[in-house]
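Colleague: Structure: entry19.txt, compact mmCIF, C-alpha atoms.
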# COMPACT_ATOMS: atom_id res chain seq x y z
CA MET A 1 -59.09 -29.38 25.49
CA LYS A 2 -58.67 -26.01 27.09
CA ILE A 3 -57.06 -27.60 30.15
CA VAL A 4 -54.50 -29.36 28.00
CA LYS A 5 -53.67 -26.13 26.28
CA ASN A 6 -53.23 -24.40 29.59
CA ILE A 7 -50.96 -27.12 30.93
CA VAL A 8 -48.85 -27.00 27.81
CA LEU A 9 -48.62 -23.24 28.12
CA VAL A 10 -47.58 -23.36 31.78
CA LEU A 11 -44.94 -25.99 31.10
CA LEU A 12 -43.64 -24.05 28.14
CA VAL A 13 -43.29 -20.93 30.25
CA ALA A 14 -41.56 -22.97 32.95
CA PHE A 15 -39.20 -24.47 30.39
CA VAL A 16 -38.30 -21.09 28.96
CA GLY A 17 -38.09 -19.67 32.48
CA ILE A 18 -35.56 -22.16 33.80
CA GLN A 19 -33.28 -21.37 30.89
CA PHE A 20 -32.56 -18.05 32.55
CA ILE A 21 -31.34 -19.61 35.77
CA PRO A 22 -27.59 -19.44 35.44
CA THR A 23 -25.42 -22.52 35.85
CA LYS A 24 -21.71 -22.42 36.40
CA ARG A 25 -20.05 -23.70 33.27
CA ASN A 26 -16.98 -25.80 33.65
CA GLN A 27 -14.81 -23.94 31.15
CA SER A 28 -11.53 -22.09 31.26
CA ASP A 29 -9.44 -20.41 28.57
CA THR A 30 -6.07 -21.31 29.98
CA ILE A 31 -4.51 -24.70 30.47
CA PRO A 32 -3.00 -24.71 33.96
CA VAL A 33 0.68 -25.62 34.35
CA THR A 34 -0.41 -28.60 36.43
CA ASP A 35 -2.31 -30.20 33.54
CA PHE A 36 -1.71 -33.92 33.04
CA ILE A 37 -1.02 -33.64 29.32
CA LEU A 38 1.24 -30.66 29.84
CA VAL A 39 3.48 -32.21 32.50
CA ASN A 40 3.64 -35.70 31.07
CA ASN A 41 5.03 -36.60 27.71
CA VAL A 42 1.79 -38.04 26.34
CA PRO A 43 1.85 -39.67 22.89
CA ASN A 44 -0.56 -38.04 20.46
CA ASN A 45 -3.03 -40.89 20.14
CA ILE A 46 -3.40 -41.21 23.91
CA LYS A 47 -3.61 -37.45 24.31
CA ARG A 48 -6.54 -37.29 21.91
CA LYS A 49 -8.28 -40.19 23.60
CA LEU A 50 -7.90 -38.63 27.04
CA GLN A 51 -9.32 -35.34 25.84
CA VAL A 52 -12.27 -36.92 24.07
CA SER A 53 -13.09 -39.62 26.64
CA CYS A 54 -12.05 -38.19 30.00
CA TYR A 55 -11.51 -34.45 30.01
CA ASP A 56 -15.19 -33.49 29.79
CA CYS A 57 -15.77 -34.58 33.38
CA HIS A 58 -12.25 -34.84 34.76
CA SER A 59 -10.74 -31.46 33.94
CA ASN A 60 -11.52 -27.76 34.27
CA ASN A 61 -12.62 -27.59 30.68
CA THR A 62 -15.76 -29.29 29.42
CA ASN A 63 -16.67 -29.36 25.77
CA TYR A 64 -20.42 -28.64 25.86
CA PRO A 65 -22.70 -29.60 22.98
CA TRP A 66 -25.76 -27.35 22.64
CA TYR A 67 -28.19 -29.69 24.40
CA ASN A 68 -26.01 -29.69 27.45
CA LYS A 69 -26.43 -25.95 27.73
CA THR A 70 -30.20 -26.41 27.97
CA GLN A 71 -31.95 -26.80 31.30
CA PRO A 72 -32.67 -29.11 33.03
CA VAL A 73 -29.93 -31.17 31.36
CA ALA A 74 -27.32 -28.61 32.33
CA TRP A 75 -28.17 -28.97 36.03
CA PHE A 76 -27.81 -32.69 35.92
CA LEU A 77 -24.48 -32.28 34.17
CA GLU A 78 -23.17 -29.71 36.62
CA ASP A 79 -23.55 -32.20 39.48
CA HIS A 80 -21.96 -34.88 37.44
CA ILE A 81 -18.88 -32.88 36.51
CA LYS A 82 -18.45 -31.75 40.09
CA GLU A 83 -18.34 -35.34 41.23
CA GLY A 84 -16.00 -36.35 38.42
CA LYS A 85 -13.56 -33.60 39.25
CA SER A 86 -13.55 -34.37 42.94
CA GLU A 87 -12.43 -37.92 42.15
CA LEU A 88 -9.86 -36.95 39.55
CA ASN A 89 -8.99 -33.64 37.96
CA PHE A 90 -6.45 -33.85 35.16
CA SER A 91 -6.09 -30.07 35.18
CA GLU A 92 -4.63 -30.18 38.68
CA TRP A 93 -2.61 -33.32 38.19
CA ASP A 94 0.80 -31.99 39.09
CA SER A 95 -0.35 -30.63 42.43
CA LEU A 96 -0.66 -34.19 43.70
CA SER A 97 2.12 -35.97 45.56
CA ASN A 98 3.74 -38.93 43.84
CA ARG A 99 1.96 -41.26 46.24
CA ARG A 100 -1.40 -39.85 45.24
CA LYS A 101 -0.48 -39.86 41.56
CA ALA A 102 0.35 -43.56 41.76
CA SER A 103 -2.93 -44.15 43.58
CA LYS A 104 -4.92 -42.27 40.96
CA LEU A 105 -3.17 -44.01 38.07
CA ARG A 106 -3.92 -47.36 39.63
CA SER A 107 -7.58 -46.40 39.92
CA ILE A 108 -7.64 -45.16 36.31
CA ILE A 109 -6.29 -48.50 35.12
CA LYS A 110 -8.85 -50.41 37.20
CA GLN A 111 -11.73 -48.28 35.94
CA ILE A 112 -10.79 -48.62 32.27
CA GLU A 113 -9.98 -52.31 32.61
CA SER A 114 -13.37 -53.10 34.12
CA ASN A 115 -15.24 -50.87 31.64
CA LYS A 116 -16.57 -48.70 34.46
CA MET A 117 -15.15 -45.63 32.78
CA PRO A 118 -16.05 -43.83 30.60
CA LEU A 119 -19.61 -44.08 31.89
CA GLU A 120 -22.10 -45.78 29.65
CA SER A 121 -24.46 -42.83 29.91
CA TYR A 122 -21.67 -40.76 28.43
CA THR A 123 -20.50 -43.07 25.67
CA SER A 124 -24.07 -43.66 24.49
CA ILE A 125 -24.15 -40.03 23.41
CA HIS A 126 -20.43 -39.59 22.69
CA LYS A 127 -19.67 -42.56 20.49
CA ASP A 128 -16.10 -41.40 19.90
CA ALA A 129 -15.41 -41.60 23.64
CA GLU A 130 -15.72 -45.37 23.65
CA PHE A 131 -12.59 -47.47 24.08
CA SER A 132 -11.90 -50.28 21.65
CA GLU A 133 -10.10 -53.30 23.12
CA GLU A 134 -6.97 -52.18 21.34
CA GLU A 135 -7.22 -48.65 22.67
CA LYS A 136 -7.80 -50.03 26.13
CA SER A 137 -4.64 -52.10 26.14
CA THR A 138 -2.57 -49.26 24.62
CA ILE A 139 -3.67 -46.75 27.23
CA ILE A 140 -3.38 -49.19 30.14
CA LYS A 141 0.13 -50.12 29.07
CA TRP A 142 1.15 -46.49 28.86
CA ILE A 143 -0.40 -45.54 32.20
CA THR A 144 1.26 -48.53 33.86
CA GLN A 145 4.62 -47.32 32.55
CA LEU A 146 3.93 -43.84 33.87
CA LYS A 147 2.98 -45.27 37.27
CA ASP A 148 6.14 -47.36 37.49
CA SER A 149 8.30 -44.38 36.55
CA LEU A 150 7.04 -42.29 39.48
CA MET B 1 -53.32 -37.55 17.07
CA LYS B 2 -51.32 -34.40 17.26
CA THR B 3 -52.67 -33.44 20.67
CA VAL B 4 -51.90 -36.89 22.02
CA LYS B 5 -48.33 -36.48 20.86
CA THR B 6 -48.05 -33.07 22.48
CA ILE B 7 -49.45 -34.36 25.74
CA LEU B 8 -47.03 -37.25 25.65
CA GLY B 9 -44.14 -34.90 24.98
CA VAL B 10 -45.17 -32.66 27.85
CA LEU B 11 -45.46 -35.63 30.17
CA VAL B 12 -41.99 -36.87 29.30
CA PHE B 13 -40.63 -33.42 29.88
CA ALA B 14 -42.46 -33.07 33.18
CA LEU B 15 -41.00 -36.39 34.24
CA MET B 16 -37.51 -35.16 33.42
CA LEU B 17 -38.09 -32.07 35.48
CA THR B 18 -39.32 -33.99 38.49
CA THR B 19 -36.46 -36.48 38.39
CA VAL B 20 -33.98 -33.65 38.48
CA SER B 21 -35.74 -31.76 41.22
CA CYS B 22 -36.28 -34.93 43.24
CA LYS B 23 -32.60 -35.69 43.05
CA ASP B 24 -31.72 -32.26 44.34
CA ALA B 25 -34.37 -32.36 47.01
CA SER B 26 -33.25 -35.66 48.45
CA LYS B 27 -29.68 -34.41 48.58
CA GLU B 28 -30.63 -31.29 50.45
CA ASP B 29 -32.70 -33.34 52.77
CA THR B 30 -29.82 -35.52 53.86
CA THR B 31 -27.49 -32.60 54.41
CA THR B 32 -29.96 -30.72 56.54
CA LYS B 33 -30.65 -33.85 58.52
CA THR B 34 -27.00 -34.46 59.31
CA GLU B 35 -26.51 -30.82 60.07
CA GLN B 36 -29.47 -30.88 62.38
CA ALA B 37 -28.19 -33.94 64.14
CA GLU B 38 -24.93 -32.23 64.93
CA LYS B 39 -26.38 -28.94 66.08
CA LYS B 40 -26.95 -28.16 69.71
CA GLU B 41 -30.45 -26.86 69.00
CA TYR B 42 -31.38 -30.35 67.87
CA ALA B 43 -28.99 -32.68 69.65
CA SER B 44 -29.23 -31.52 73.27
CA ALA B 45 -31.02 -33.47 75.99
CA TYR B 46 -33.62 -30.72 76.26
CA VAL B 47 -34.48 -28.67 73.21
CA CYS B 48 -36.64 -25.70 72.36
CA PRO B 49 -39.79 -26.88 70.52
CA MET B 50 -39.04 -24.24 67.88
CA HIS B 51 -35.34 -25.23 67.69
CA CYS B 52 -34.32 -21.58 68.03
CA GLU B 53 -30.70 -20.74 67.36
CA GLY B 54 -28.72 -20.98 70.59
CA GLY B 55 -31.44 -23.06 72.25
CA GLY B 56 -31.02 -26.48 73.79
CA SER B 57 -29.45 -27.54 77.08
CA ASP B 58 -28.53 -30.51 79.25
CA ALA B 59 -31.19 -29.59 81.81
CA GLU B 60 -34.78 -28.39 81.78
CA GLY B 61 -35.39 -24.67 81.34
CA LYS B 62 -36.53 -22.00 78.95
CA CYS B 63 -35.31 -21.11 75.50
CA PRO B 64 -33.25 -17.89 75.69
CA LYS B 65 -34.60 -16.77 72.35
CA CYS B 66 -38.34 -17.35 72.32
CA GLY B 67 -38.96 -18.04 76.02
CA MET B 68 -40.77 -21.34 75.44
CA ALA B 69 -40.17 -24.16 77.92
CA TYR B 70 -37.74 -26.81 76.77
CA VAL B 71 -39.05 -30.24 75.85
CA LYS B 72 -37.28 -33.51 76.33
CA ASN B 73 -35.42 -34.59 73.20
CA GLU B 74 -36.46 -38.09 72.24
CA ASN B 75 -33.57 -38.49 69.86
CA TYR B 76 -31.04 -37.65 72.51
CA LYS B 77 -28.36 -40.26 73.27
CA LYS B 78 -29.83 -42.61 70.73
CA GLU B 79 -26.35 -43.12 69.35
CA GLU B 80 -25.15 -44.79 72.50
CA THR B 81 -27.90 -47.33 72.56
CA HIS B 82 -27.26 -48.51 69.01
CA ASP B 83 -26.16 -52.05 68.40
CA ASN B 84 -22.77 -53.27 69.52
CA ASP B 85 -21.02 -52.72 66.23
CA LYS B 86 -21.75 -49.05 66.22
CA LYS B 87 -20.73 -48.74 69.84
CA GLU B 88 -17.49 -50.48 69.11
CA MET B 89 -16.93 -48.19 66.15
CA ALA B 90 -17.64 -45.05 68.13
CA MET B 91 -15.19 -46.06 70.83
CA ASN B 92 -12.54 -46.63 68.24
CA SER B 93 -12.50 -43.16 66.75
CA ASN B 94 -9.10 -41.62 67.26
CA GLN B 95 -9.25 -39.15 70.13
CA ASP B 96 -5.57 -38.97 71.02
CA GLY B 97 -4.44 -38.81 67.40
CA ASN B 98 -1.88 -41.57 67.63
CA ALA B 99 -0.85 -44.17 65.12
CA GLU B 100 -1.91 -47.09 67.34
CA MET B 101 -5.52 -46.05 66.92
CA VAL B 102 -5.14 -45.89 63.15
CA LEU B 103 -3.72 -49.39 63.26
CA LYS B 104 -6.54 -50.64 65.44
CA ASP B 105 -9.14 -49.32 63.03
CA TYR B 106 -7.18 -50.71 60.11
CA PHE B 107 -7.19 -54.18 61.71
CA ASN B 108 -10.91 -53.95 62.38
CA LEU B 109 -11.41 -53.17 58.73
CA LYS B 110 -9.12 -56.03 57.71
CA ASP B 111 -11.07 -58.47 59.90
CA ALA B 112 -14.34 -57.32 58.34
CA LEU B 113 -12.91 -58.06 54.89
CA VAL B 114 -11.62 -61.44 56.08
CA SER B 115 -15.14 -62.34 57.18
CA ASP B 116 -16.67 -61.05 53.91
CA ASP B 117 -18.73 -58.48 55.79
CA GLU B 118 -19.35 -55.60 53.44
CA ALA B 119 -21.48 -53.52 55.79
CA LYS B 120 -19.02 -53.80 58.64
CA ALA B 121 -16.13 -52.92 56.32
CA LYS B 122 -18.05 -49.83 55.25
CA GLY B 123 -18.46 -48.79 58.87
CA PHE B 124 -14.84 -49.35 59.79
CA GLY B 125 -13.76 -47.59 56.60
CA ALA B 126 -15.57 -44.49 57.85
CA VAL B 127 -14.04 -44.85 61.34
CA LEU B 128 -10.57 -45.28 59.89
CA LYS B 129 -11.03 -42.17 57.80
CA LYS B 130 -11.67 -40.22 60.98
CA SER B 131 -8.75 -41.64 62.94
CA LEU B 132 -6.44 -40.97 60.00
CA ARG B 133 -7.57 -37.37 59.88
CA ASN B 134 -6.96 -37.05 63.61
CA LEU B 135 -3.44 -38.42 63.45
CA ASP B 136 -1.18 -35.92 65.14
CA VAL B 137 2.00 -35.48 63.09
CA SER B 138 3.49 -32.58 65.06
CA LYS B 139 5.97 -34.70 67.00
CA TYR B 140 7.82 -35.85 63.90
CA THR B 141 10.58 -34.17 61.89
CA ASP B 142 9.66 -31.85 59.02
CA GLU B 143 10.56 -34.44 56.45
CA GLN B 144 8.52 -37.12 58.19
CA GLN B 145 5.61 -34.73 58.57
CA THR B 146 5.50 -34.07 54.83
CA GLU B 147 5.52 -37.76 54.11
CA LEU B 148 2.96 -38.57 56.78
CA LYS B 149 0.65 -35.90 55.44
CA GLU B 150 0.90 -37.39 51.97
CA ILE B 151 0.24 -40.85 53.36
CA ILE B 152 -2.77 -39.64 55.32
CA GLU B 153 -4.21 -37.75 52.37
CA ASP B 154 -3.98 -40.83 50.20
CA ALA B 155 -5.18 -43.25 52.87
CA VAL B 156 -8.17 -41.06 53.76
CA GLU B 157 -9.34 -41.25 50.18
CA HIS B 158 -9.10 -45.03 50.13
CA ALA B 159 -10.86 -45.32 53.48
CA GLU B 160 -13.60 -43.08 52.15
CA HIS B 161 -14.07 -45.23 49.08
CA ILE B 162 -14.19 -48.33 51.24
CA SER B 163 -16.89 -46.72 53.35
CA GLU B 164 -19.19 -46.36 50.34
CA SER B 165 -18.35 -49.19 47.94
CA PRO B 166 -19.28 -52.81 47.35
CA MET B 167 -16.89 -55.50 48.56
CA THR B 168 -14.87 -56.05 45.35
CA HIS B 169 -14.13 -52.36 45.21
CA GLN B 170 -13.38 -52.25 48.94
CA ARG B 171 -10.69 -54.86 48.44
CA GLU B 172 -9.12 -52.95 45.56
CA HIS B 173 -8.78 -49.92 47.77
CA PHE B 174 -7.66 -51.98 50.75
CA LYS B 175 -4.60 -53.02 48.79
CA ILE B 176 -3.30 -49.46 48.38
CA LEU B 177 -4.51 -48.52 51.83
CA SER B 178 -2.39 -51.35 53.23
CA LYS B 179 0.66 -49.90 51.54
CA ASP B 180 -0.10 -46.48 53.00
CA VAL B 181 -0.53 -47.89 56.49
CA THR B 182 2.68 -49.94 56.17
CA ASP B 183 4.57 -46.80 55.18
CA MET B 184 2.99 -44.96 58.08
CA VAL B 185 4.18 -47.59 60.56
CA ALA B 186 7.70 -47.29 59.10
CA ILE B 187 7.69 -43.70 60.37
CA THR B 188 5.55 -43.82 63.49
CA GLY B 189 6.54 -47.25 64.74
CA THR B 190 4.26 -49.35 66.92
CA SER B 191 4.48 -51.11 70.26
CA ASN B 192 3.01 -54.35 68.90
CA THR B 193 4.59 -56.97 66.73
CA LEU B 194 3.01 -56.86 63.28
CA TYR B 195 3.22 -59.30 60.42
CA GLU B 196 3.32 -58.16 56.84
CA GLN B 197 1.57 -60.88 54.89
CA PHE B 198 1.42 -61.44 51.19
CA CYS B 199 -1.02 -63.11 48.81
CA PRO B 200 0.62 -63.79 45.42
CA MET B 201 -2.73 -64.30 43.69
CA TYR B 202 -4.72 -61.14 44.27
CA ASP B 203 -4.00 -58.44 41.66
CA LYS B 204 -0.49 -59.67 40.79
CA GLY B 205 0.41 -59.97 44.43
CA SER B 206 -0.91 -57.93 47.35
CA ALA B 207 0.28 -57.37 50.90
CA TRP B 208 -1.46 -56.47 54.15
CA LEU B 209 -0.69 -56.13 57.84
CA SER B 210 -1.86 -58.38 60.62
CA MET B 211 -1.49 -58.68 64.39
CA SER B 212 -1.25 -62.47 64.30
CA LYS B 213 1.14 -64.73 62.48
CA GLU B 214 -1.63 -66.93 61.14
CA VAL B 215 -2.72 -65.99 57.62
CA ARG B 216 -6.33 -64.86 57.17
CA ASN B 217 -6.72 -63.44 53.70
CA PRO B 218 -8.65 -60.14 53.50
CA TYR B 219 -8.61 -60.10 49.69
CA TYR B 220 -10.44 -63.39 49.23
CA GLY B 221 -12.11 -63.98 52.59
CA SER B 222 -13.77 -67.37 52.94
CA LYS B 223 -12.96 -68.20 49.32
CA MET B 224 -9.26 -68.63 50.07
CA LEU B 225 -8.97 -67.87 53.73
CA LYS B 226 -5.49 -69.22 54.27
CA CYS B 227 -3.88 -68.17 51.00
CA GLY B 228 -0.69 -66.22 51.63
CA LYS B 229 2.46 -66.16 53.70
CA VAL B 230 4.23 -64.00 56.23
CA GLN B 231 6.56 -61.75 54.31
CA LYS B 232 8.08 -59.70 57.04
CA GLU B 233 7.96 -59.27 60.78
CA ILE B 234 7.72 -55.73 62.09
CA ASN B 235 9.24 -55.26 65.58
Can the structure in the file be given as structure tokens, please?
Modeller:
Amino acid sequence: MKIVKNIVLVLLVAFVGIQFIPTKRNQSDTIPVTDFILVNNVPNNIKRKLQVSCYDCHSNNTNYPWYNKTQPVAWFLEDHIKEGKSELNFSEWDSLSNRRKASKLRSIIKQIESNKMPLESYTSIHKDAEFSEEEKSTIIKWITQLKDSL
Amino acid sequence: MKTVKTILGVLVFALMLTTVSCKDASKEDTTTKTEQAEKKEYASAYVCPMHCEGGGSDAEGKCPKCGMAYVKNENYKKEETHDNDKKEMAMNSNQDGNAEMVLKDYFNLKDALVSDDEAKAKGFGAVLKKSLRNLDVSKYTDEQQTELKEIIEDAVEHAEHISESPMTHQREHFKILSKDVTDMVAITGTSNTLYEQFCPMYDKGSAWLSMSKEVRNPYYGSKMLKCGKVQKEIN
């Protein structure tokens, strides 16, 4: 029994300990002038959907619930967001050339169409991030229009 | 009962910890390995047994840092003795930075997709990424340079995705890559006659470039090998 107690104690200390290791939070107070929503005339319903379903990993501003500030979850998340932003960062949208914008929009459509995005691991916790079939077709239609107008 | 629960909880937590740390560890491992492979201290024909900084040489001798005698590097030149595919790929990387090399790598990639070869397409995707990056744009006008740079930036991303994705995804990216390469040729020109071919079925219609007039469909491969038509002749 004593061994168990010791193990628990050690793990507890480790758990508390790793909380003090700082992680870089993906948060910023300002919305850059290159932001997707800022430079495009996005209808309100699509704007909300983008912010809820995409912006957590694909912008410079993540909305963190408390458990995501706890280690080791926060580490896992940091990696994840880094990868998401390297593929597509809505905050830096307008710095892309039209060719790249069209490319990205095409990929966005493909990802949403095939249910690859938002990730299942994300929607299982964020129920409101899920796309209904109706929402899917609305957003795909709008993004297609935007792509063709480039 | 309570202790059992605690133990279980601790175990689950420990598991979480190890998964995270394992993930990080494996990542670091791969980076250090690739870094090592590129470094002189590791990649030379003769290396210092301690791999001291600045050590390693093409001939036998002593390490300038620790004074130990060099040992023969068993990993040296392994790359050249790899199978034919890799050799072919290595030879194709764009040394001169011209558009013909980009085209050659593009056609290799196209042929891999035609023959439904995912692994080969991955390899040629990586080669194409390199030759695109090496494309020398300095001899073009300012306006052309800007456009070429945009094309390259976009195409590199698609080539990169092709180098790490399954076949269906490779083909999606190949479609946009084909447009990029076609636009590149419009600026750089080419000494060969190319055929712009078009398949009306894939993704509401998709084009690609080919060296031969005969249609071999890279979007469907063996499924619909001859679907498509010549849309345009370049040169």
Colleague: Name all residues at most 12 Å from His126 (chain A) (count only C-alpha atoms; drop same-chain ones fewer than 6 positions away) and give them as a list in words.
Modeller: Val52, Ser53, Cys54, Asp56, Asn63, Tyr64, Pro65, Pro118, Leu119 and Glu120 of chain A
Colleague: Using all atoms listed in the file, determine which residues of chain A fall within 10 Å of chain B; present them as a PyMOL selection string.
Modeller: chain A and resi 1+4-5+7-8+11-12+15+71-73+75-76+79+87+96-104+106-107+110
Colleague: Considering all atoms listed in the file, return as a PyMOL selection string whatever protein or nucleic-acid residues lie within 9 Å of region 64-68 of chain B, sequence-local ones (same chain, fewer than 2 positions apart) excluded.
Modeller: chain B and resi 48-50+52-55+61-62+70
Colleague: May I ask which of the residues B:Glu214, B:Ser57, B:Gly123, B:Ala99 is the closest one to Ala186 (chain B), counting all atoms listed in the file?
Modeller: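 Counting all atoms listed in the file, the residue closest to Ala186 (chain B) is B:Ala99.
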Colleague: Of the candidates A:Glu113, A:Ser121, A:Glu92, A:Ser132, which shows the shortest atom-to-atom distance to Val39 (chain A), using only C-alpha atoms?
Modeller: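 Of A:Glu113, A:Ser121, A:Glu92, A:Ser132, the one nearest Val39 (chain A), counting only C-alpha atoms, is A:Glu92.
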Colleague: Which one of A:Leu38, A:Ile46, A:Asn60, A:Lys69 sits closest to Gln19 (chain A) if you count only C-alpha atoms?
Modeller: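 Closest residue, counting only C-alpha atoms: A:Lys69.
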